[in-house]
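K.L.:
So that we are looking at the same thing, I have put the structure below in structure tokens.
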Amino acid sequence: MTGSEASPSFRLAYVPGVTPTKWVRIWNERLPGVPLTLVAVSPAEAFEVLRDGGADAGLVRLPVDGADLSAIPLYTETTVVVVPKDHVVAAVDEVSSEDLADEIVLRPLDDTLDWEQPPGRPAYERPATTADAVELVAAGVGLLVVPQSLARLHHRKDLTYRPVSGTPESRIALSWPEDRTTDLVEDFIGIVRGRTVNSSRGRARTAAEPKSKRADAGGARRKPAATSGGTKSGGTSTGRGARSGSGGAKGSKRGKPRRRS
């Protein structure tokens, strides 16, 4: 495959909020000779990084930008509303989008939710980033609706969050350029899909196994069964020779001997 043999390394891009720790740990256990490098990217630049070869694969938010990129959906995040701790929303376990109708809801320019109609009242100006929006929430300017992982990423002691229903959800996927599906990409696909190291579709076990050992195993499967009267196992007799050697007694029963005149 292109790339994986020439450069024995793997670069994994990931967008804010995604935590690839578990998958990286499994990679290091299965392929200790292939270093994995994490590449932090913004949602806006994630797909161009993949196209330009800045990463072999990426943990991104759907939808994928373009038919040239493959994607495997991994999980869907809970959507939450970030509020000051003394806000009325903090007193309940969950709210709906209708409950936010009278609130100013900030929508940053890097918003990751695919809205048809955002809840609440729009702010006079959209913040540039989610981090900026969190600062405005802390200042009492408005509320912020985001995937739960981003609320955790931008956690502040004076803020909290609650699940909110009736809003879009963010889906995380593994994506990579379709024309660069290398062996290492296949290895990482196996990891995120939960395949074991001995899976028939996994590659790590076979790649780590010495060639001589695999050849011996294959030879053992191809070894013919021993014959009763043929050559020894180390011989080089053909199949026809083996049949004539072992079938002598049976061959004598096929026809009666001629009588001498």
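Order determines the names: the first chain of the structure tokens is A, the second B, and so forth; residues in each chain are numbered 1 upward, and ligands are numbered 1 upward as they are shown.
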Give me the residues near A:Leu109 as a PyMOL selection string, where near means some atom within 9 Å (using only C-alpha atoms) and where sequence neighbours in that chain fewer than 2 positions away do not count.

P.N.:
chain A and resi 107+111-112+126-130

K.L.:
What does the file look like for those residues with N, CA, C and O atoms, as a PDB file, in the first residue's frame?

P.N.:
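Once everything was written out, this is selection_31.pdb:
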```
ATOM      1  N   ARG A 107     -24.325  31.852  19.235  1.00  0.00           N
ATOM      2  CA  ARG A 107     -23.966  30.872  18.205  1.00  0.00           C
ATOM      3  C   ARG A 107     -22.630  31.284  17.582  1.00  0.00           C
ATOM      4  O   ARG A 107     -22.578  32.137  16.685  1.00  0.00           O
ATOM      5  N   ASP A 111     -19.495  27.031  15.262  1.00  0.00           N
ATOM      6  CA  ASP A 111     -20.556  26.151  15.766  1.00  0.00           C
ATOM      7  C   ASP A 111     -20.539  24.822  15.009  1.00  0.00           C
ATOM      8  O   ASP A 111     -20.438  24.794  13.777  1.00  0.00           O
ATOM      9  N   THR A 112     -20.656  23.719  15.745  1.00  0.00           N
ATOM     10  CA  THR A 112     -20.578  22.384  15.137  1.00  0.00           C
ATOM     11  C   THR A 112     -21.941  21.723  14.971  1.00  0.00           C
ATOM     12  O   THR A 112     -22.021  20.586  14.504  1.00  0.00           O
ATOM     13  N   ARG A 126     -22.221  37.499  16.483  1.00  0.00           N
ATOM     14  CA  ARG A 126     -21.794  36.119  16.731  1.00  0.00           C
ATOM     15  C   ARG A 126     -20.351  36.075  17.203  1.00  0.00           C
ATOM     16  O   ARG A 126     -19.465  36.690  16.583  1.00  0.00           O
ATOM     17  N   PRO A 127     -20.061  35.380  18.288  1.00  0.00           N
ATOM     18  CA  PRO A 127     -18.666  35.229  18.737  1.00  0.00           C
ATOM     19  C   PRO A 127     -17.851  34.472  17.692  1.00  0.00           C
ATOM     20  O   PRO A 127     -18.377  33.648  16.941  1.00  0.00           O
ATOM     21  N   ALA A 128     -16.543  34.737  17.662  1.00  0.00           N
ATOM     22  CA  ALA A 128     -15.687  34.091  16.667  1.00  0.00           C
ATOM     23  C   ALA A 128     -15.505  32.605  16.951  1.00  0.00           C
ATOM     24  O   ALA A 128     -15.489  31.791  16.031  1.00  0.00           O
ATOM     25  N   THR A 129     -15.358  32.233  18.220  1.00  0.00           N
ATOM     26  CA  THR A 129     -15.066  30.844  18.575  1.00  0.00           C
ATOM     27  C   THR A 129     -15.938  30.404  19.742  1.00  0.00           C
ATOM     28  O   THR A 129     -16.547  31.230  20.438  1.00  0.00           O
ATOM     29  N   THR A 130     -15.969  29.092  19.958  1.00  0.00           N
ATOM     30  CA  THR A 130     -16.685  28.544  21.110  1.00  0.00           C
ATOM     31  C   THR A 130     -16.081  29.039  22.410  1.00  0.00           C
ATOM     32  O   THR A 130     -16.798  29.324  23.370  1.00  0.00           O
TER      33      THR A 130
END
```

K.L.:
If we count only C-alpha atoms and set the cut-off at 6 Å, which residues sit around A:Ala57, ignoring sequence neighbours fewer than 6 positions away in its own chain? Please answer as a list in words.

P.N.:
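The residues satisfying every condition are Leu12, Ser175 and Trp176 of chain A.
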
K.L.:
Just list the residues in stretch 36-200 of chain A DSSP gives strand (DSSP E or B) on the backbone, as a PyMOL selection string.

P.N.:
chain A and resi 36-40+57-61+69-76+79-84+95-96+104-106+121-122+143-147+159-165+171-177

K.L.:
Need to verify the contact set: A:Trp27, 12 Å, only C-alpha atoms, exclusion of same-chain residues closer than 2 positions in sequence. Can you return it as a PDB file with N, CA and C atoms, in the first residue's frame?

P.N.:
```pdb
ATOM      1  N   SER A   9       4.941   5.267  10.165  1.00  0.00           N
ATOM      2  CA  SER A   9       4.352   6.103  11.200  1.00  0.00           C
ATOM      3  C   SER A   9       2.917   6.391  10.821  1.00  0.00           C
ATOM      4  N   PHE A  10       2.138   6.868  11.797  1.00  0.00           N
ATOM      5  CA  PHE A  10       0.721   7.137  11.554  1.00  0.00           C
ATOM      6  C   PHE A  10       0.358   8.450  12.222  1.00  0.00           C
ATOM      7  N   ARG A  11      -0.277   9.349  11.454  1.00  0.00           N
ATOM      8  CA  ARG A  11      -0.686  10.652  11.976  1.00  0.00           C
ATOM      9  C   ARG A  11      -2.202  10.706  12.052  1.00  0.00           C
ATOM     10  N   LEU A  12      -2.699  10.995  13.247  1.00  0.00           N
ATOM     11  CA  LEU A  12      -4.140  11.021  13.494  1.00  0.00           C
ATOM     12  C   LEU A  12      -4.565  12.432  13.875  1.00  0.00           C
ATOM     13  N   PRO A  20      -9.041  10.812  21.904  1.00  0.00           N
ATOM     14  CA  PRO A  20      -8.621   9.559  21.274  1.00  0.00           C
ATOM     15  C   PRO A  20      -7.747   8.676  22.165  1.00  0.00           C
ATOM     16  N   THR A  21      -7.670   8.980  23.466  1.00  0.00           N
ATOM     17  CA  THR A  21      -6.715   8.321  24.366  1.00  0.00           C
ATOM     18  C   THR A  21      -6.812   6.800  24.319  1.00  0.00           C
ATOM     19  N   LYS A  22      -8.041   6.264  24.397  1.00  0.00           N
ATOM     20  CA  LYS A  22      -8.208   4.800  24.446  1.00  0.00           C
ATOM     21  C   LYS A  22      -7.689   4.149  23.180  1.00  0.00           C
ATOM     22  N   TRP A  23      -7.999   4.716  22.033  1.00  0.00           N
ATOM     23  CA  TRP A  23      -7.585   4.129  20.763  1.00  0.00           C
ATOM     24  C   TRP A  23      -6.070   4.237  20.572  1.00  0.00           C
ATOM     25  N   VAL A  24      -5.488   5.331  21.043  1.00  0.00           N
ATOM     26  CA  VAL A  24      -4.035   5.481  20.952  1.00  0.00           C
ATOM     27  C   VAL A  24      -3.338   4.430  21.819  1.00  0.00           C
ATOM     28  N   ARG A  25      -3.887   4.177  22.997  1.00  0.00           N
ATOM     29  CA  ARG A  25      -3.299   3.159  23.882  1.00  0.00           C
ATOM     30  C   ARG A  25      -3.322   1.781  23.220  1.00  0.00           C
ATOM     31  N   GLU A  29      -0.133  -0.698  21.972  1.00  0.00           N
ATOM     32  CA  GLU A  29       0.000  -2.079  22.416  1.00  0.00           C
ATOM     33  C   GLU A  29       0.143  -3.029  21.230  1.00  0.00           C
ATOM     34  N   ARG A  30      -0.594  -2.769  20.160  1.00  0.00           N
ATOM     35  CA  ARG A  30      -0.614  -3.690  19.023  1.00  0.00           C
ATOM     36  C   ARG A  30       0.504  -3.415  18.024  1.00  0.00           C
ATOM     37  N   LEU A  31       0.857  -2.161  17.831  1.00  0.00           N
ATOM     38  CA  LEU A  31       1.881  -1.807  16.854  1.00  0.00           C
ATOM     39  C   LEU A  31       2.948  -0.925  17.512  1.00  0.00           C
ATOM     40  N   PRO A  32       3.702  -1.482  18.447  1.00  0.00           N
ATOM     41  CA  PRO A  32       4.682  -0.672  19.176  1.00  0.00           C
ATOM     42  C   PRO A  32       5.795  -0.121  18.289  1.00  0.00           C
ATOM     43  N   GLY A  33       6.013  -0.719  17.129  1.00  0.00           N
ATOM     44  CA  GLY A  33       7.060  -0.238  16.239  1.00  0.00           C
ATOM     45  C   GLY A  33       6.617   0.854  15.289  1.00  0.00           C
ATOM     46  N   VAL A  34       5.335   1.232  15.363  1.00  0.00           N
ATOM     47  CA  VAL A  34       4.809   2.274  14.474  1.00  0.00           C
ATOM     48  C   VAL A  34       4.305   3.434  15.331  1.00  0.00           C
ATOM     49  N   PRO A  35       5.065   4.512  15.448  1.00  0.00           N
ATOM     50  CA  PRO A  35       4.640   5.635  16.289  1.00  0.00           C
ATOM     51  C   PRO A  35       3.395   6.313  15.747  1.00  0.00           C
ATOM     52  N   LEU A  36       2.484   6.682  16.653  1.00  0.00           N
ATOM     53  CA  LEU A  36       1.274   7.410  16.290  1.00  0.00           C
ATOM     54  C   LEU A  36       1.405   8.839  16.790  1.00  0.00           C
ATOM     55  N   THR A  37       1.233   9.786  15.889  1.00  0.00           N
ATOM     56  CA  THR A  37       1.331  11.206  16.215  1.00  0.00           C
ATOM     57  C   THR A  37      -0.045  11.835  16.140  1.00  0.00           C
ATOM     58  N   LEU A 184      -2.055   0.792   7.399  1.00  0.00           N
ATOM     59  CA  LEU A 184      -2.122   1.384   8.734  1.00  0.00           C
ATOM     60  C   LEU A 184      -3.501   1.990   8.994  1.00  0.00           C
ATOM     61  N   VAL A 185      -4.113   2.555   7.985  1.00  0.00           N
ATOM     62  CA  VAL A 185      -5.485   3.040   8.137  1.00  0.00           C
ATOM     63  C   VAL A 185      -6.414   1.874   8.460  1.00  0.00           C
ATOM     64  N   GLU A 186      -6.237   0.755   7.770  1.00  0.00           N
ATOM     65  CA  GLU A 186      -7.051  -0.434   8.054  1.00  0.00           C
ATOM     66  C   GLU A 186      -6.831  -0.902   9.487  1.00  0.00           C
ATOM     67  N   ASP A 187      -5.598  -0.821   9.972  1.00  0.00           N
ATOM     68  CA  ASP A 187      -5.321  -1.197  11.356  1.00  0.00           C
ATOM     69  C   ASP A 187      -6.094  -0.311  12.326  1.00  0.00           C
ATOM     70  N   PHE A 188      -6.116   0.995  12.059  1.00  0.00           N
ATOM     71  CA  PHE A 188      -6.807   1.896  12.977  1.00  0.00           C
ATOM     72  C   PHE A 188      -8.318   1.702  12.879  1.00  0.00           C
ATOM     73  N   ILE A 189      -8.826   1.407  11.685  1.00  0.00           N
ATOM     74  CA  ILE A 189     -10.249   1.101  11.545  1.00  0.00           C
ATOM     75  C   ILE A 189     -10.611  -0.089  12.426  1.00  0.00           C
ATOM     76  N   GLY A 190      -9.772  -1.116  12.408  1.00  0.00           N
ATOM     77  CA  GLY A 190     -10.020  -2.286  13.250  1.00  0.00           C
ATOM     78  C   GLY A 190     -10.062  -1.938  14.724  1.00  0.00           C
ATOM     79  N   ILE A 191      -9.219  -1.001  15.146  1.00  0.00           N
ATOM     80  CA  ILE A 191      -9.174  -0.608  16.553  1.00  0.00           C
ATOM     81  C   ILE A 191     -10.439   0.138  16.953  1.00  0.00           C
ATOM     82  N   VAL A 192     -10.855   1.130  16.164  1.00  0.00           N
ATOM     83  CA  VAL A 192     -12.040   1.909  16.546  1.00  0.00           C
ATOM     84  C   VAL A 192     -13.314   1.090  16.438  1.00  0.00           C
ATOM     85  N   GLY A 194     -13.443  -1.982  17.371  1.00  0.00           N
ATOM     86  CA  GLY A 194     -13.415  -2.931  18.466  1.00  0.00           C
ATOM     87  C   GLY A 194     -12.976  -4.327  18.088  1.00  0.00           C
ATOM     88  N   ARG A 195     -12.331  -4.488  16.933  1.00  0.00           N
ATOM     89  CA  ARG A 195     -11.850  -5.815  16.558  1.00  0.00           C
ATOM     90  C   ARG A 195     -10.698  -6.222  17.466  1.00  0.00           C
ATOM     91  N   THR A 196     -10.633  -7.507  17.769  1.00  0.00           N
ATOM     92  CA  THR A 196      -9.541  -8.012  18.590  1.00  0.00           C
ATOM     93  C   THR A 196      -8.293  -8.183  17.742  1.00  0.00           C
ATOM     94  N   VAL A 197      -7.177  -8.390  18.402  1.00  0.00           N
ATOM     95  CA  VAL A 197      -5.917  -8.555  17.679  1.00  0.00           C
ATOM     96  C   VAL A 197      -5.940  -9.807  16.820  1.00  0.00           C
ATOM     97  N   ARG A 203      -4.906  -6.782  10.979  1.00  0.00           N
ATOM     98  CA  ARG A 203      -3.645  -7.006  10.300  1.00  0.00           C
ATOM     99  C   ARG A 203      -2.463  -7.024  11.251  1.00  0.00           C
ATOM    100  N   ALA A 204      -2.679  -6.534  12.486  1.00  0.00           N
ATOM    101  CA  ALA A 204      -1.563  -6.333  13.405  1.00  0.00           C
ATOM    102  C   ALA A 204      -0.880  -7.646  13.757  1.00  0.00           C
TER     103      ALA A 204
END
```

K.L.:
Could you check how far atom CA of A:Pro73 sits from atom CA of A:Leu174, in Å to one decimal?

P.N.:
6.5 Å

K.L.:
Write down as a PDB file with N, CA, C and O atoms, in the first residue's frame the residues of stretch 37-197 of chain A whose backbone DSSP state falls under helix (DSSP H, G or I).

P.N.:
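Written output follows (selection.pdb):
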```pdb
ATOM      1  N   ALA A  46     -10.138  20.533   9.346  1.00  0.00           N
ATOM      2  CA  ALA A  46      -9.904  19.094   9.480  1.00  0.00           C
ATOM      3  C   ALA A  46      -9.853  18.381   8.135  1.00  0.00           C
ATOM      4  O   ALA A  46      -8.937  17.583   7.874  1.00  0.00           O
ATOM      5  N   PHE A  47     -10.805  18.650   7.247  1.00  0.00           N
ATOM      6  CA  PHE A  47     -10.887  17.893   6.002  1.00  0.00           C
ATOM      7  C   PHE A  47      -9.784  18.281   5.020  1.00  0.00           C
ATOM      8  O   PHE A  47      -9.286  17.432   4.278  1.00  0.00           O
ATOM      9  N   GLU A  48      -9.369  19.541   5.033  1.00  0.00           N
ATOM     10  CA  GLU A  48      -8.261  19.936   4.165  1.00  0.00           C
ATOM     11  C   GLU A  48      -6.951  19.331   4.636  1.00  0.00           C
ATOM     12  O   GLU A  48      -6.081  19.013   3.822  1.00  0.00           O
ATOM     13  N   VAL A  49      -6.791  19.174   5.942  1.00  0.00           N
ATOM     14  CA  VAL A  49      -5.593  18.523   6.474  1.00  0.00           C
ATOM     15  C   VAL A  49      -5.507  17.084   5.959  1.00  0.00           C
ATOM     16  O   VAL A  49      -4.430  16.605   5.581  1.00  0.00           O
ATOM     17  N   LEU A  50      -6.638  16.398   5.906  1.00  0.00           N
ATOM     18  CA  LEU A  50      -6.651  15.031   5.387  1.00  0.00           C
ATOM     19  C   LEU A  50      -6.328  15.004   3.902  1.00  0.00           C
ATOM     20  O   LEU A  50      -5.552  14.166   3.438  1.00  0.00           O
ATOM     21  N   ARG A  51      -6.909  15.919   3.146  1.00  0.00           N
ATOM     22  CA  ARG A  51      -6.665  15.959   1.697  1.00  0.00           C
ATOM     23  C   ARG A  51      -5.216  16.310   1.379  1.00  0.00           C
ATOM     24  O   ARG A  51      -4.636  15.788   0.427  1.00  0.00           O
ATOM     25  N   VAL A  88     -31.454  29.871  36.333  1.00  0.00           N
ATOM     26  CA  VAL A  88     -32.600  29.024  36.655  1.00  0.00           C
ATOM     27  C   VAL A  88     -32.484  27.647  36.026  1.00  0.00           C
ATOM     28  O   VAL A  88     -32.960  26.639  36.581  1.00  0.00           O
ATOM     29  N   VAL A  89     -31.842  27.534  34.856  1.00  0.00           N
ATOM     30  CA  VAL A  89     -31.679  26.239  34.186  1.00  0.00           C
ATOM     31  C   VAL A  89     -30.839  25.281  35.027  1.00  0.00           C
ATOM     32  O   VAL A  89     -31.033  24.061  34.974  1.00  0.00           O
ATOM     33  N   ALA A  90     -29.929  25.806  35.828  1.00  0.00           N
ATOM     34  CA  ALA A  90     -29.066  24.957  36.647  1.00  0.00           C
ATOM     35  C   ALA A  90     -29.839  24.191  37.709  1.00  0.00           C
ATOM     36  O   ALA A  90     -29.329  23.218  38.278  1.00  0.00           O
ATOM     37  N   ALA A  91     -31.082  24.598  37.972  1.00  0.00           N
ATOM     38  CA  ALA A  91     -31.885  23.949  39.009  1.00  0.00           C
ATOM     39  C   ALA A  91     -32.634  22.726  38.506  1.00  0.00           C
ATOM     40  O   ALA A  91     -33.250  22.006  39.299  1.00  0.00           O
ATOM     41  N   SER A  97     -35.587  22.782  23.886  1.00  0.00           N
ATOM     42  CA  SER A  97     -35.251  23.988  23.136  1.00  0.00           C
ATOM     43  C   SER A  97     -36.309  25.069  23.348  1.00  0.00           C
ATOM     44  O   SER A  97     -36.002  26.268  23.323  1.00  0.00           O
ATOM     45  N   GLU A  98     -37.568  24.659  23.579  1.00  0.00           N
ATOM     46  CA  GLU A  98     -38.635  25.633  23.825  1.00  0.00           C
ATOM     47  C   GLU A  98     -38.412  26.389  25.131  1.00  0.00           C
ATOM     48  O   GLU A  98     -38.811  27.559  25.262  1.00  0.00           O
ATOM     49  N   ASP A  99     -37.775  25.732  26.102  1.00  0.00           N
ATOM     50  CA  ASP A  99     -37.503  26.398  27.376  1.00  0.00           C
ATOM     51  C   ASP A  99     -36.524  27.550  27.234  1.00  0.00           C
ATOM     52  O   ASP A  99     -36.421  28.400  28.132  1.00  0.00           O
ATOM     53  N   LEU A 100     -35.790  27.585  26.120  1.00  0.00           N
ATOM     54  CA  LEU A 100     -34.791  28.629  25.900  1.00  0.00           C
ATOM     55  C   LEU A 100     -35.314  29.754  25.018  1.00  0.00           C
ATOM     56  O   LEU A 100     -34.548  30.627  24.610  1.00  0.00           O
ATOM     57  N   THR A 130     -15.969  29.092  19.958  1.00  0.00           N
ATOM     58  CA  THR A 130     -16.685  28.544  21.110  1.00  0.00           C
ATOM     59  C   THR A 130     -16.081  29.039  22.410  1.00  0.00           C
ATOM     60  O   THR A 130     -16.798  29.324  23.370  1.00  0.00           O
ATOM     61  N   ALA A 131     -14.764  29.142  22.460  1.00  0.00           N
ATOM     62  CA  ALA A 131     -14.089  29.646  23.660  1.00  0.00           C
ATOM     63  C   ALA A 131     -14.541  31.069  23.978  1.00  0.00           C
ATOM     64  O   ALA A 131     -14.773  31.416  25.146  1.00  0.00           O
ATOM     65  N   ASP A 132     -14.678  31.906  22.942  1.00  0.00           N
ATOM     66  CA  ASP A 132     -15.168  33.275  23.149  1.00  0.00           C
ATOM     67  C   ASP A 132     -16.598  33.267  23.674  1.00  0.00           C
ATOM     68  O   ASP A 132     -16.967  34.065  24.550  1.00  0.00           O
ATOM     69  N   ALA A 133     -17.413  32.368  23.138  1.00  0.00           N
ATOM     70  CA  ALA A 133     -18.813  32.278  23.570  1.00  0.00           C
ATOM     71  C   ALA A 133     -18.901  31.873  25.037  1.00  0.00           C
ATOM     72  O   ALA A 133     -19.763  32.380  25.780  1.00  0.00           O
ATOM     73  N   VAL A 134     -18.035  30.965  25.475  1.00  0.00           N
ATOM     74  CA  VAL A 134     -18.028  30.550  26.871  1.00  0.00           C
ATOM     75  C   VAL A 134     -17.707  31.743  27.775  1.00  0.00           C
ATOM     76  O   VAL A 134     -18.311  31.914  28.852  1.00  0.00           O
ATOM     77  N   GLU A 135     -16.782  32.583  27.359  1.00  0.00           N
ATOM     78  CA  GLU A 135     -16.450  33.782  28.133  1.00  0.00           C
ATOM     79  C   GLU A 135     -17.660  34.705  28.251  1.00  0.00           C
ATOM     80  O   GLU A 135     -17.902  35.309  29.305  1.00  0.00           O
ATOM     81  N   LEU A 136     -18.430  34.811  27.192  1.00  0.00           N
ATOM     82  CA  LEU A 136     -19.620  35.662  27.212  1.00  0.00           C
ATOM     83  C   LEU A 136     -20.704  35.086  28.122  1.00  0.00           C
ATOM     84  O   LEU A 136     -21.431  35.829  28.790  1.00  0.00           O
ATOM     85  N   VAL A 137     -20.816  33.755  28.148  1.00  0.00           N
ATOM     86  CA  VAL A 137     -21.762  33.119  29.064  1.00  0.00           C
ATOM     87  C   VAL A 137     -21.379  33.446  30.508  1.00  0.00           C
ATOM     88  O   VAL A 137     -22.234  33.785  31.341  1.00  0.00           O
ATOM     89  N   ALA A 138     -20.105  33.369  30.806  1.00  0.00           N
ATOM     90  CA  ALA A 138     -19.629  33.683  32.154  1.00  0.00           C
ATOM     91  C   ALA A 138     -19.882  35.141  32.519  1.00  0.00           C
ATOM     92  O   ALA A 138     -20.092  35.479  33.691  1.00  0.00           O
ATOM     93  N   GLN A 148     -21.681  17.991  24.325  1.00  0.00           N
ATOM     94  CA  GLN A 148     -21.218  17.876  25.711  1.00  0.00           C
ATOM     95  C   GLN A 148     -19.700  17.893  25.838  1.00  0.00           C
ATOM     96  O   GLN A 148     -19.154  18.443  26.794  1.00  0.00           O
ATOM     97  N   SER A 149     -19.005  17.309  24.872  1.00  0.00           N
ATOM     98  CA  SER A 149     -17.545  17.262  24.963  1.00  0.00           C
ATOM     99  C   SER A 149     -16.939  18.657  24.934  1.00  0.00           C
ATOM    100  O   SER A 149     -15.913  18.913  25.574  1.00  0.00           O
ATOM    101  N   LEU A 150     -17.552  19.590  24.212  1.00  0.00           N
ATOM    102  CA  LEU A 150     -17.040  20.955  24.172  1.00  0.00           C
ATOM    103  C   LEU A 150     -17.346  21.691  25.465  1.00  0.00           C
ATOM    104  O   LEU A 150     -16.561  22.540  25.913  1.00  0.00           O
ATOM    105  N   ALA A 151     -18.479  21.380  26.091  1.00  0.00           N
ATOM    106  CA  ALA A 151     -18.777  21.963  27.399  1.00  0.00           C
ATOM    107  C   ALA A 151     -17.747  21.506  28.432  1.00  0.00           C
ATOM    108  O   ALA A 151     -17.309  22.291  29.285  1.00  0.00           O
ATOM    109  N   ARG A 152     -17.346  20.256  28.339  1.00  0.00           N
ATOM    110  CA  ARG A 152     -16.312  19.752  29.252  1.00  0.00           C
ATOM    111  C   ARG A 152     -14.951  20.362  28.948  1.00  0.00           C
ATOM    112  O   ARG A 152     -14.189  20.693  29.851  1.00  0.00           O
ATOM    113  N   LEU A 153     -14.658  20.500  27.663  1.00  0.00           N
ATOM    114  CA  LEU A 153     -13.364  21.048  27.263  1.00  0.00           C
ATOM    115  C   LEU A 153     -13.194  22.472  27.776  1.00  0.00           C
ATOM    116  O   LEU A 153     -12.092  22.859  28.207  1.00  0.00           O
ATOM    117  N   GLU A 178     -10.227   8.449   0.560  1.00  0.00           N
ATOM    118  CA  GLU A 178     -10.591   7.130   0.040  1.00  0.00           C
ATOM    119  C   GLU A 178      -9.475   6.502  -0.786  1.00  0.00           C
ATOM    120  O   GLU A 178      -9.285   5.286  -0.754  1.00  0.00           O
ATOM    121  N   ASP A 179      -8.725   7.317  -1.522  1.00  0.00           N
ATOM    122  CA  ASP A 179      -7.672   6.766  -2.369  1.00  0.00           C
ATOM    123  C   ASP A 179      -6.371   6.523  -1.611  1.00  0.00           C
ATOM    124  O   ASP A 179      -5.371   6.132  -2.204  1.00  0.00           O
ATOM    125  N   ARG A 180      -6.381   6.752  -0.292  1.00  0.00           N
ATOM    126  CA  ARG A 180      -5.194   6.472   0.518  1.00  0.00           C
ATOM    127  C   ARG A 180      -5.583   5.588   1.713  1.00  0.00           C
ATOM    128  O   ARG A 180      -5.247   5.874   2.857  1.00  0.00           O
ATOM    129  N   ASP A 183      -2.554   0.190   4.725  1.00  0.00           N
ATOM    130  CA  ASP A 183      -2.636  -0.884   5.719  1.00  0.00           C
ATOM    131  C   ASP A 183      -2.766  -0.317   7.128  1.00  0.00           C
ATOM    132  O   ASP A 183      -3.485  -0.860   7.971  1.00  0.00           O
ATOM    133  N   LEU A 184      -2.055   0.792   7.399  1.00  0.00           N
ATOM    134  CA  LEU A 184      -2.122   1.384   8.734  1.00  0.00           C
ATOM    135  C   LEU A 184      -3.501   1.990   8.994  1.00  0.00           C
ATOM    136  O   LEU A 184      -3.998   1.942  10.127  1.00  0.00           O
ATOM    137  N   VAL A 185      -4.113   2.555   7.985  1.00  0.00           N
ATOM    138  CA  VAL A 185      -5.485   3.040   8.137  1.00  0.00           C
ATOM    139  C   VAL A 185      -6.414   1.874   8.460  1.00  0.00           C
ATOM    140  O   VAL A 185      -7.280   1.967   9.340  1.00  0.00           O
ATOM    141  N   GLU A 186      -6.237   0.755   7.770  1.00  0.00           N
ATOM    142  CA  GLU A 186      -7.051  -0.434   8.054  1.00  0.00           C
ATOM    143  C   GLU A 186      -6.831  -0.902   9.487  1.00  0.00           C
ATOM    144  O   GLU A 186      -7.782  -1.337  10.162  1.00  0.00           O
ATOM    145  N   ASP A 187      -5.598  -0.821   9.972  1.00  0.00           N
ATOM    146  CA  ASP A 187      -5.321  -1.197  11.356  1.00  0.00           C
ATOM    147  C   ASP A 187      -6.094  -0.311  12.326  1.00  0.00           C
ATOM    148  O   ASP A 187      -6.673  -0.800  13.308  1.00  0.00           O
ATOM    149  N   PHE A 188      -6.116   0.995  12.059  1.00  0.00           N
ATOM    150  CA  PHE A 188      -6.807   1.896  12.977  1.00  0.00           C
ATOM    151  C   PHE A 188      -8.318   1.702  12.879  1.00  0.00           C
ATOM    152  O   PHE A 188      -9.021   1.815  13.897  1.00  0.00           O
ATOM    153  N   ILE A 189      -8.826   1.407  11.685  1.00  0.00           N
ATOM    154  CA  ILE A 189     -10.249   1.101  11.545  1.00  0.00           C
ATOM    155  C   ILE A 189     -10.611  -0.089  12.426  1.00  0.00           C
ATOM    156  O   ILE A 189     -11.642  -0.091  13.114  1.00  0.00           O
ATOM    157  N   GLY A 190      -9.772  -1.116  12.408  1.00  0.00           N
ATOM    158  CA  GLY A 190     -10.020  -2.286  13.250  1.00  0.00           C
ATOM    159  C   GLY A 190     -10.062  -1.938  14.724  1.00  0.00           C
ATOM    160  O   GLY A 190     -10.873  -2.478  15.490  1.00  0.00           O
ATOM    161  N   ILE A 191      -9.219  -1.001  15.146  1.00  0.00           N
ATOM    162  CA  ILE A 191      -9.174  -0.608  16.553  1.00  0.00           C
ATOM    163  C   ILE A 191     -10.439   0.138  16.953  1.00  0.00           C
ATOM    164  O   ILE A 191     -11.061  -0.170  17.965  1.00  0.00           O
ATOM    165  N   VAL A 192     -10.855   1.130  16.164  1.00  0.00           N
ATOM    166  CA  VAL A 192     -12.040   1.909  16.546  1.00  0.00           C
ATOM    167  C   VAL A 192     -13.314   1.090  16.438  1.00  0.00           C
ATOM    168  O   VAL A 192     -14.307   1.389  17.107  1.00  0.00           O
TER     169      VAL A 192
END
```

K.L.:
Nearest to A:Pro118 among A:Val105, A:Ile172, A:Val80, A:Ala139, with distances taken over only C-alpha atoms: which residue is it?

P.N.:
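Looking only at the distances to A:Pro118, the closest residue turns out to be A:Val105.
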
K.L.:
Taking only C-alpha atoms into account, which of A:Glu94, A:Asp86, A:Ala123, A:Asp110 comes nearest A:Lys157?

P.N.:
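Going through A:Glu94, A:Asp86, A:Ala123, A:Asp110 one by one, the smallest distance to A:Lys157 is for A:Asp86.
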
K.L.:
Kindly indicate which residue among A:Val146, A:Ala13, A:Asn198, A:Lys85 lies nearest to A:Ala40, using only C-alpha atoms for the distances.

P.N.:
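Checking each of A:Val146, A:Ala13, A:Asn198, A:Lys85 against A:Ala40, counting only C-alpha atoms, the winner is A:Ala13.
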
K.L.:
Residues near A:Gly166, anyone? I mean within 10 Å using only C-alpha atoms, not counting same-chain ones fewer than 3 positions away, as a ChimeraX atom specification.

P.N.:
/A:79,95-98,119,169

K.L.:
Could you write out that same residue set with N, CA and C atoms as a short mmCIF file (atom, residue, chain, number, x, y, z; two decimals), in the first residue's frame?

P.N.:
```cif
data_model
loop_
_atom_site.label_atom_id
_atom_site.label_comp_id
_atom_site.auth_asym_id
_atom_site.auth_seq_id
_atom_site.Cartn_x
_atom_site.Cartn_y
_atom_site.Cartn_z
N THR A 79 -26.30 16.82 23.38
CA THR A 79 -26.26 18.28 23.25
C THR A 79 -26.65 18.90 24.59
N VAL A 95 -33.56 20.40 29.94
CA VAL A 95 -34.48 21.40 29.37
C VAL A 95 -34.74 21.06 27.91
N SER A 96 -35.75 21.70 27.35
CA SER A 96 -36.03 21.55 25.92
C SER A 96 -35.64 22.84 25.21
N SER A 97 -35.59 22.78 23.89
CA SER A 97 -35.25 23.99 23.14
C SER A 97 -36.31 25.07 23.35
N GLU A 98 -37.57 24.66 23.58
CA GLU A 98 -38.64 25.63 23.82
C GLU A 98 -38.41 26.39 25.13
N PRO A 119 -32.34 27.78 18.76
CA PRO A 119 -33.32 28.16 19.79
C PRO A 119 -33.01 29.55 20.35
N GLU A 169 -27.84 16.96 17.08
CA GLU A 169 -26.78 16.26 17.80
C GLU A 169 -25.54 16.17 16.92
#
```
